[in-house]
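Engineer: If it helps, the file is called my_file21.pdb and holds PDB, C-alpha atoms:
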ATOM      1  CA  LEU A   1     -32.256   5.215  99.257  1.00  0.00           C
ATOM      2  CA  GLY A   2     -30.933   2.678  96.813  1.00  0.00           C
ATOM      3  CA  LEU A   3     -27.438   2.201  95.497  1.00  0.00           C
ATOM      4  CA  ALA A   4     -28.010   4.274  92.348  1.00  0.00           C
ATOM      5  CA  GLU A   5     -29.476   7.186  94.300  1.00  0.00           C
ATOM      6  CA  HIS A   6     -26.164   8.353  95.717  1.00  0.00           C
ATOM      7  CA  PRO A   7     -23.409   8.043  93.134  1.00  0.00           C
ATOM      8  CA  LEU A   8     -20.041   8.756  94.678  1.00  0.00           C
ATOM      9  CA  GLY A   9     -21.601   8.772  98.137  1.00  0.00           C
ATOM     10  CA  GLY A  10     -23.312  12.133  97.607  1.00  0.00           C
ATOM     11  CA  ASN A  11     -26.591  11.930  99.506  1.00  0.00           C
ATOM     12  CA  GLY A  12     -26.575   8.586 101.250  1.00  0.00           C
ATOM     13  CA  ARG A  13     -27.217   7.730 104.852  1.00  0.00           C
ATOM     14  CA  GLN A  14     -24.675   8.736 107.465  1.00  0.00           C
ATOM     15  CA  VAL A  15     -24.575   6.138 110.226  1.00  0.00           C
ATOM     16  CA  PHE A  16     -22.865   5.389 113.507  1.00  0.00           C
ATOM     17  CA  LEU A  17     -22.686   1.649 114.082  1.00  0.00           C
ATOM     18  CA  GLN A  18     -23.317   0.618 117.648  1.00  0.00           C
ATOM     19  CA  ARG A  19     -22.419  -2.805 118.891  1.00  0.00           C
ATOM     20  CA  ALA A  20     -22.429  -4.927 121.986  1.00  0.00           C
ATOM     21  CA  SER A  21     -19.495  -7.289 122.284  1.00  0.00           C
ATOM     22  CA  ALA A  22     -18.625  -9.612 125.117  1.00  0.00           C
ATOM     23  CA  ARG A  23     -15.066  -9.906 123.836  1.00  0.00           C
ATOM     24  CA  ARG A  24     -13.940  -6.437 122.763  1.00  0.00           C
ATOM     25  CA  SER A  25     -15.850  -3.250 123.353  1.00  0.00           C
ATOM     26  CA  LEU A  26     -15.650   0.439 122.694  1.00  0.00           C
ATOM     27  CA  THR A  27     -15.884   1.459 126.340  1.00  0.00           C
ATOM     28  CA  ASN A  28     -17.157   4.997 125.732  1.00  0.00           C
ATOM     29  CA  GLN A  29     -19.576   4.085 122.935  1.00  0.00           C
ATOM     30  CA  PRO A  30     -22.605   5.780 124.605  1.00  0.00           C
ATOM     31  CA  GLU A  31     -20.740   9.101 124.769  1.00  0.00           C
ATOM     32  CA  LEU A  32     -19.577   8.808 121.155  1.00  0.00           C
ATOM     33  CA  ALA A  33     -23.071   7.817 120.023  1.00  0.00           C
ATOM     34  CA  GLU A  34     -24.394  11.005 121.608  1.00  0.00           C
ATOM     35  CA  PHE A  35     -21.821  13.078 119.684  1.00  0.00           C
ATOM     36  CA  ALA A  36     -22.660  11.195 116.484  1.00  0.00           C
ATOM     37  CA  SER A  37     -26.378  11.793 116.942  1.00  0.00           C
ATOM     38  CA  ARG A  38     -25.823  15.518 117.523  1.00  0.00           C
ATOM     39  CA  LEU A  39     -23.808  15.618 114.301  1.00  0.00           C
ATOM     40  CA  GLY A  40     -26.762  14.114 112.421  1.00  0.00           C
ATOM     41  CA  LEU A  41     -25.634  10.496 112.150  1.00  0.00           C
ATOM     42  CA  GLU A  42     -28.235   7.749 112.360  1.00  0.00           C
ATOM     43  CA  LEU A  43     -27.536   5.313 115.223  1.00  0.00           C
ATOM     44  CA  VAL A  44     -27.789   1.690 114.068  1.00  0.00           C
ATOM     45  CA  ASP A  45     -27.016  -1.679 115.665  1.00  0.00           C
ATOM     46  CA  PRO A  46     -26.309  -3.920 112.656  1.00  0.00           C
ATOM     47  CA  SER A  47     -26.499  -7.066 114.791  1.00  0.00           C
ATOM     48  CA  ILE A  48     -30.284  -6.718 115.028  1.00  0.00           C
ATOM     49  CA  LEU A  49     -30.750  -6.292 111.280  1.00  0.00           C
ATOM     50  CA  SER A  50     -31.581  -9.053 108.841  1.00  0.00           C
ATOM     51  CA  TRP A  51     -29.146  -9.719 106.010  1.00  0.00           C
ATOM     52  CA  GLY A  52     -31.374  -7.775 103.613  1.00  0.00           C
ATOM     53  CA  GLU A  53     -31.522  -4.828 106.003  1.00  0.00           C
ATOM     54  CA  GLN A  54     -27.726  -4.864 106.325  1.00  0.00           C
ATOM     55  CA  VAL A  55     -27.368  -4.881 102.535  1.00  0.00           C
ATOM     56  CA  ASP A  56     -29.731  -1.900 102.334  1.00  0.00           C
ATOM     57  CA  LEU A  57     -27.943  -0.066 105.156  1.00  0.00           C
ATOM     58  CA  PHE A  58     -24.450  -0.363 103.730  1.00  0.00           C
ATOM     59  CA  SER A  59     -25.388   0.061 100.064  1.00  0.00           C
ATOM     60  CA  SER A  60     -27.300   3.250 100.870  1.00  0.00           C
ATOM     61  CA  SER A  61     -24.710   4.827 103.194  1.00  0.00           C
ATOM     62  CA  SER A  62     -22.308   7.553 102.177  1.00  0.00           C
ATOM     63  CA  LEU A  63     -20.629   7.502 105.611  1.00  0.00           C
ATOM     64  CA  VAL A  64     -20.242   4.653 108.094  1.00  0.00           C
ATOM     65  CA  VAL A  65     -18.591   5.292 111.463  1.00  0.00           C
ATOM     66  CA  GLY A  66     -18.091   2.558 114.028  1.00  0.00           C
ATOM     67  CA  ALA A  67     -15.885   0.078 115.795  1.00  0.00           C
ATOM     68  CA  SER A  68     -14.034  -2.200 113.440  1.00  0.00           C
ATOM     69  CA  GLY A  69     -14.865  -5.878 113.693  1.00  0.00           C
ATOM     70  CA  ALA A  70     -16.980  -8.501 111.964  1.00  0.00           C
ATOM     71  CA  VAL A  71     -19.108  -5.770 110.390  1.00  0.00           C
ATOM     72  CA  MET A  72     -16.204  -4.721 108.182  1.00  0.00           C
ATOM     73  CA  ALA A  73     -17.076  -7.310 105.531  1.00  0.00           C
ATOM     74  CA  ASN A  74     -20.119  -5.151 104.782  1.00  0.00           C
ATOM     75  CA  TYR A  75     -17.810  -2.419 103.459  1.00  0.00           C
ATOM     76  CA  LEU A  76     -17.883  -4.464 100.244  1.00  0.00           C
ATOM     77  CA  LEU A  77     -21.531  -3.408  99.807  1.00  0.00           C
ATOM     78  CA  MET A  78     -20.790   0.315  99.823  1.00  0.00           C
ATOM     79  CA  SER A  79     -20.815   2.552  96.755  1.00  0.00           C
ATOM     80  CA  PRO A  80     -17.629   3.953  95.283  1.00  0.00           C
ATOM     81  CA  GLY A  81     -16.847   7.296  96.903  1.00  0.00           C
ATOM     82  CA  SER A  82     -18.518   6.416 100.198  1.00  0.00           C
ATOM     83  CA  ARG A  83     -16.497   6.818 103.392  1.00  0.00           C
ATOM     84  CA  VAL A  84     -15.657   4.627 106.387  1.00  0.00           C
ATOM     85  CA  LEU A  85     -14.264   5.892 109.681  1.00  0.00           C
ATOM     86  CA  ALA A  86     -13.292   2.782 111.622  1.00  0.00           C
ATOM     87  CA  LEU A  87     -12.711   3.020 115.349  1.00  0.00           C
ATOM     88  CA  THR A  88     -10.157   0.668 116.843  1.00  0.00           C
ATOM     89  CA  SER A  89      -7.539   0.327 119.532  1.00  0.00           C
ATOM     90  CA  ASP A  90      -4.043   1.714 119.201  1.00  0.00           C
ATOM     91  CA  SER A  91      -2.809  -1.888 119.196  1.00  0.00           C
ATOM     92  CA  LEU A  92      -4.667  -2.569 115.917  1.00  0.00           C
ATOM     93  CA  ALA A  93      -3.769   0.698 114.185  1.00  0.00           C
ATOM     94  CA  ASP A  94      -1.862  -1.123 111.454  1.00  0.00           C
ATOM     95  CA  PHE A  95      -4.411  -3.895 110.796  1.00  0.00           C
ATOM     96  CA  VAL A  96      -4.884  -3.756 107.011  1.00  0.00           C
ATOM     97  CA  LEU A  97      -7.885  -6.023 106.369  1.00  0.00           C
ATOM     98  CA  PRO A  98     -10.629  -3.378 106.905  1.00  0.00           C
ATOM     99  CA  ALA A  99      -8.845  -0.940 104.591  1.00  0.00           C
ATOM    100  CA  ALA A 100      -8.370  -3.658 101.986  1.00  0.00           C
ATOM    101  CA  LEU A 101     -12.063  -4.541 102.048  1.00  0.00           C
ATOM    102  CA  ALA A 102     -13.056  -0.893 101.725  1.00  0.00           C
ATOM    103  CA  SER A 103     -10.621  -0.501  98.844  1.00  0.00           C
ATOM    104  CA  VAL A 104     -12.349  -3.249  96.855  1.00  0.00           C
ATOM    105  CA  SER A 105     -15.526  -1.154  96.786  1.00  0.00           C
ATOM    106  CA  GLU A 106     -13.534   2.051  96.189  1.00  0.00           C
ATOM    107  CA  THR A 107     -14.585   3.378  99.575  1.00  0.00           C
ATOM    108  CA  ALA A 108     -12.397   5.953 101.338  1.00  0.00           C
ATOM    109  CA  PHE A 109     -11.183   4.394 104.590  1.00  0.00           C
ATOM    110  CA  SER A 110      -9.551   5.843 107.678  1.00  0.00           C
ATOM    111  CA  TYR A 111      -8.907   4.740 111.222  1.00  0.00           C
ATOM    112  CA  LEU A 112      -9.394   6.654 114.427  1.00  0.00           C
ATOM    113  CA  THR A 113      -7.594   4.873 117.227  1.00  0.00           C
ATOM    114  CA  GLY A 114      -7.626   5.088 120.973  1.00  0.00           C
ATOM    115  CA  PRO A 115      -5.948   3.486 123.941  1.00  0.00           C
ATOM    116  CA  ASN A 116      -6.511  -0.098 125.015  1.00  0.00           C
ATOM    117  CA  SER A 117      -8.229  -0.373 128.388  1.00  0.00           C
ATOM    118  CA  LEU A 118      -5.322  -2.357 129.840  1.00  0.00           C
ATOM    119  CA  ALA A 119      -1.615  -2.387 129.089  1.00  0.00           C
ATOM    120  CA  LEU A 120       0.040  -5.282 127.291  1.00  0.00           C
ATOM    121  CA  HIS A 121       1.690  -6.514 130.517  1.00  0.00           C
ATOM    122  CA  ASP A 122      -1.788  -6.854 132.104  1.00  0.00           C
ATOM    123  CA  HIS A 123      -2.856  -9.495 129.547  1.00  0.00           C
ATOM    124  CA  VAL A 124      -2.065 -13.192 129.402  1.00  0.00           C
ATOM    125  CA  SER A 125      -1.040 -12.929 125.747  1.00  0.00           C
ATOM    126  CA  ARG A 126      -0.411 -10.430 122.969  1.00  0.00           C
ATOM    127  CA  ASN A 127      -3.497 -11.778 121.174  1.00  0.00           C
ATOM    128  CA  SER A 128      -5.632 -11.015 124.233  1.00  0.00           C
ATOM    129  CA  TRP A 129      -4.248  -7.470 124.297  1.00  0.00           C
ATOM    130  CA  LEU A 130      -4.850  -6.965 120.557  1.00  0.00           C
ATOM    131  CA  HIS A 131      -8.508  -7.865 121.057  1.00  0.00           C
ATOM    132  CA  SER A 132      -9.080  -5.950 124.273  1.00  0.00           C
ATOM    133  CA  SER A 133     -11.528  -3.150 124.936  1.00  0.00           C
ATOM    134  CA  PHE A 134     -10.560   0.401 124.048  1.00  0.00           C
ATOM    135  CA  SER A 135     -11.841   3.971 124.078  1.00  0.00           C
ATOM    136  CA  ILE A 136     -11.703   6.839 121.613  1.00  0.00           C
ATOM    137  CA  PRO A 137     -10.984  10.387 122.831  1.00  0.00           C
ATOM    138  CA  PRO A 138     -14.288  12.283 122.358  1.00  0.00           C
ATOM    139  CA  GLU A 139     -12.657  15.487 121.047  1.00  0.00           C
ATOM    140  CA  GLU A 140     -10.738  13.529 118.403  1.00  0.00           C
ATOM    141  CA  PHE A 141     -13.916  11.629 117.505  1.00  0.00           C
ATOM    142  CA  GLU A 142     -15.900  14.818 116.961  1.00  0.00           C
ATOM    143  CA  ARG A 143     -13.144  16.367 114.812  1.00  0.00           C
ATOM    144  CA  ALA A 144     -12.785  13.207 112.722  1.00  0.00           C
ATOM    145  CA  VAL A 145     -16.524  12.816 112.146  1.00  0.00           C
ATOM    146  CA  ARG A 146     -16.886  16.476 111.183  1.00  0.00           C
ATOM    147  CA  ARG A 147     -13.989  16.047 108.728  1.00  0.00           C
ATOM    148  CA  GLU A 148     -15.624  12.952 107.187  1.00  0.00           C
ATOM    149  CA  ILE A 149     -19.002  14.684 106.850  1.00  0.00           C
ATOM    150  CA  ALA A 150     -17.353  17.670 105.167  1.00  0.00           C
ATOM    151  CA  SER A 151     -15.510  15.443 102.690  1.00  0.00           C
ATOM    152  CA  ILE A 152     -18.515  13.407 101.513  1.00  0.00           C
ATOM    153  CA  GLY A 153     -18.821  13.631  97.766  1.00  0.00           C
ATOM    154  CA  SER A 154     -15.482  15.383  97.306  1.00  0.00           C
TER     155      SER A 154
END
Mind converting the file's structure to structure tokens?

Structural biologist:
Amino acid sequence: LGLAEHPLGGNGRQVFLQRASARRSLTNQPELAEFASRLGLELVDPSILSWGEQVDLFSSSSLVVGASGAVMANYLLMSPGSRVLALTSDSLADFVLPAALASVSETAFSYLTGPNSLALHDHVSRNSWLHSSFSIPPEEFERAVRREIASIGS
């Protein structure tokens, strides 16, 4: 699908972004990917795509779900009315950059947060804690994804 084929995000791709990160990971990503697949989302690892394939992926998607990170700059490629459900740790729940980038393309943005793997006092610095691994409660993930799917095009 091309950009013009899904005005306001109506019939575009619905994707779950998978990622492998040595620094910060979504610890229960395989479980969430299974839920996402059962809900009809396409599982994609953007790190293995060429730039052109990433442009096509994001410009043709009406819903993108995945861990927030470097991929968030691609929100700028999405069509107005598309939706982003960004997964992040509770410690980054108020990080505004992903929402600001989505706003530029008039994309609806929301966070779903989950607990950091380790407490702040278990890290050498606050920065280390902010960028630590995290998980997302599966029941909350399923509810949030269902809500996003239902709201596409509305």

Engineer: Using Å and a single decimal, report how far atom CA of Leu112 of chain A sits from atom CA of Leu92 of chain A.

Structural biologist: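 Atom-to-atom, atom CA of Leu92 of chain A to atom CA of Leu112 of chain A, that is 10.5 Å.
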
Engineer: Where does the PyMOL selection byres ((chain A and resi 17) around 7) land in this file, that is, which residues does it pick, as a ChimeraX atom specification?

Structural biologist: /A:15-16,18-19,43-46,65-66

Engineer: Decode the PyMOL selection byres ((chain A and resi 31-40) around 9) for the given file into explicit residues and return them as a list in words.

Structural biologist: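 Answer for the PyMOL selection byres ((chain A and resi 31-40) around 9): Gln14, Val15, Phe16, Leu17, Gln18, Asn28, Gln29, Pro30, Leu41, Glu42, Leu43, Val65, Ile136, Pro137, Pro138, Phe141, Glu142, Val145, Arg146 and Ile149 of chain A.
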
Engineer: Could you work out an axis-aligned box for segment 104-112 of chain A, taking every atom the file lists and adding 5 Å on each side, and report centre and edge lengths in Å to one decimal, as AutoDock Vina command-line options?

Structural biologist:
--center_x -12.2 --center_y 1.7 --center_z 105.3 --size_x 16.6 --size_y 19.9 --size_z 28.2

Engineer: Please evaluate the PyMOL selection byres ((chain A and resi 84) around 12) against the displayed coordinates and give the resulting residues as a ChimeraX atom specification.

Structural biologist: /A:9,14-17,58,61-68,71-72,74-83,85-87,98-103,105-112,144-145,147-149,151-152

Engineer: Taking into account all atoms listed in the file, which residue in the set A:Ser117, A:Ser133, A:Gly69, A:Ala20 is nearest to Phe95 of chain A?

Structural biologist: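 Ranked by minimum distance to Phe95 of chain A, first place goes to A:Gly69.
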
Engineer: Enter the distance from atom CA of Gln54 of chain A to atom CA of Ala73 of chain A, in Å, rounded to one decimal.

Structural biologist: 11.0 Å

Engineer: Quick one: pull the distance between atom CA of Gly114 of chain A and atom CA of Phe134 of chain A, Å, one decimal.

Structural biologist: 6.3 Å

Engineer: Nearest to Ser25 of chain A: which of A:Ser135, A:Asp90, A:Ser47, A:Gly12 is it, counting all atoms listed in the file?

Structural biologist: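 Going through A:Ser135, A:Asp90, A:Ser47, A:Gly12 one by one, the smallest distance to Ser25 of chain A is for A:Ser135.
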
Engineer: How would segment 61-77 of chain A look with N, CA, C and O atoms restored, written as an mmCIF file, in the coordinates of the input?

Structural biologist:
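Done, and the output landed in selection_14.cif:
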data_model
loop_
_atom_site.group_PDB
_atom_site.id
_atom_site.type_symbol
_atom_site.label_atom_id
_atom_site.label_comp_id
_atom_site.auth_asym_id
_atom_site.auth_seq_id
_atom_site.Cartn_x
_atom_site.Cartn_y
_atom_site.Cartn_z
ATOM 1 N N SER A 61 -25.436 3.920 102.301
ATOM 2 C CA SER A 61 -24.710 4.827 103.194
ATOM 3 C C SER A 61 -23.550 5.516 102.481
ATOM 4 O O SER A 61 -22.764 4.881 101.789
ATOM 5 N N SER A 62 -23.458 6.811 102.692
ATOM 6 C CA SER A 62 -22.308 7.553 102.177
ATOM 7 C C SER A 62 -21.223 7.673 103.239
ATOM 8 O O SER A 62 -20.070 7.948 102.920
ATOM 9 N N LEU A 63 -21.597 7.452 104.520
ATOM 10 C CA LEU A 63 -20.629 7.502 105.611
ATOM 11 C C LEU A 63 -21.023 6.470 106.657
ATOM 12 O O LEU A 63 -22.170 6.448 107.114
ATOM 13 N N VAL A 64 -20.068 5.628 107.023
ATOM 14 C CA VAL A 64 -20.242 4.653 108.094
ATOM 15 C C VAL A 64 -19.129 4.892 109.108
ATOM 16 O O VAL A 64 -17.952 4.905 108.752
ATOM 17 N N VAL A 65 -19.527 5.092 110.363
ATOM 18 C CA VAL A 65 -18.591 5.292 111.463
ATOM 19 C C VAL A 65 -18.890 4.225 112.503
ATOM 20 O O VAL A 65 -20.052 4.024 112.866
ATOM 21 N N GLY A 66 -17.858 3.542 112.981
ATOM 22 C CA GLY A 66 -18.091 2.558 114.028
ATOM 23 C C GLY A 66 -16.882 1.711 114.307
ATOM 24 O O GLY A 66 -15.890 1.741 113.566
ATOM 25 N N ALA A 67 -16.980 0.959 115.396
ATOM 26 C CA ALA A 67 -15.885 0.078 115.795
ATOM 27 C C ALA A 67 -15.651 -0.982 114.736
ATOM 28 O O ALA A 67 -16.591 -1.589 114.221
ATOM 29 N N SER A 68 -14.408 -1.187 114.420
ATOM 30 C CA SER A 68 -14.034 -2.200 113.440
ATOM 31 C C SER A 68 -14.234 -3.578 114.056
ATOM 32 O O SER A 68 -14.066 -3.773 115.248
ATOM 33 N N GLY A 69 -14.622 -4.516 113.220
ATOM 34 C CA GLY A 69 -14.865 -5.878 113.693
ATOM 35 C C GLY A 69 -15.501 -6.684 112.580
ATOM 36 O O GLY A 69 -15.257 -6.429 111.402
ATOM 37 N N ALA A 70 -16.348 -7.622 112.954
ATOM 38 C CA ALA A 70 -16.980 -8.501 111.964
ATOM 39 C C ALA A 70 -17.783 -7.729 110.928
ATOM 40 O O ALA A 70 -17.915 -8.160 109.779
ATOM 41 N N VAL A 71 -18.289 -6.569 111.299
ATOM 42 C CA VAL A 71 -19.108 -5.770 110.390
ATOM 43 C C VAL A 71 -18.322 -5.277 109.178
ATOM 44 O O VAL A 71 -18.895 -4.928 108.155
ATOM 45 N N MET A 72 -17.004 -5.302 109.256
ATOM 46 C CA MET A 72 -16.204 -4.721 108.182
ATOM 47 C C MET A 72 -16.385 -5.406 106.839
ATOM 48 O O MET A 72 -16.164 -4.793 105.801
ATOM 49 N N ALA A 73 -16.824 -6.652 106.816
ATOM 50 C CA ALA A 73 -17.076 -7.310 105.531
ATOM 51 C C ALA A 73 -18.161 -6.583 104.749
ATOM 52 O O ALA A 73 -18.173 -6.613 103.514
ATOM 53 N N ASN A 74 -19.041 -5.888 105.443
ATOM 54 C CA ASN A 74 -20.119 -5.151 104.782
ATOM 55 C C ASN A 74 -19.617 -3.921 104.025
ATOM 56 O O ASN A 74 -20.363 -3.340 103.241
ATOM 57 N N TYR A 75 -18.369 -3.525 104.239
ATOM 58 C CA TYR A 75 -17.810 -2.419 103.459
ATOM 59 C C TYR A 75 -17.856 -2.745 101.971
ATOM 60 O O TYR A 75 -17.918 -1.851 101.132
ATOM 61 N N LEU A 76 -17.836 -4.032 101.641
ATOM 62 C CA LEU A 76 -17.883 -4.464 100.244
ATOM 63 C C LEU A 76 -19.189 -4.061 99.567
ATOM 64 O O LEU A 76 -19.267 -4.023 98.343
ATOM 65 N N LEU A 77 -20.217 -3.771 100.343
ATOM 66 C CA LEU A 77 -21.531 -3.408 99.807
ATOM 67 C C LEU A 77 -21.654 -1.916 99.517
ATOM 68 O O LEU A 77 -22.635 -1.487 98.925
#
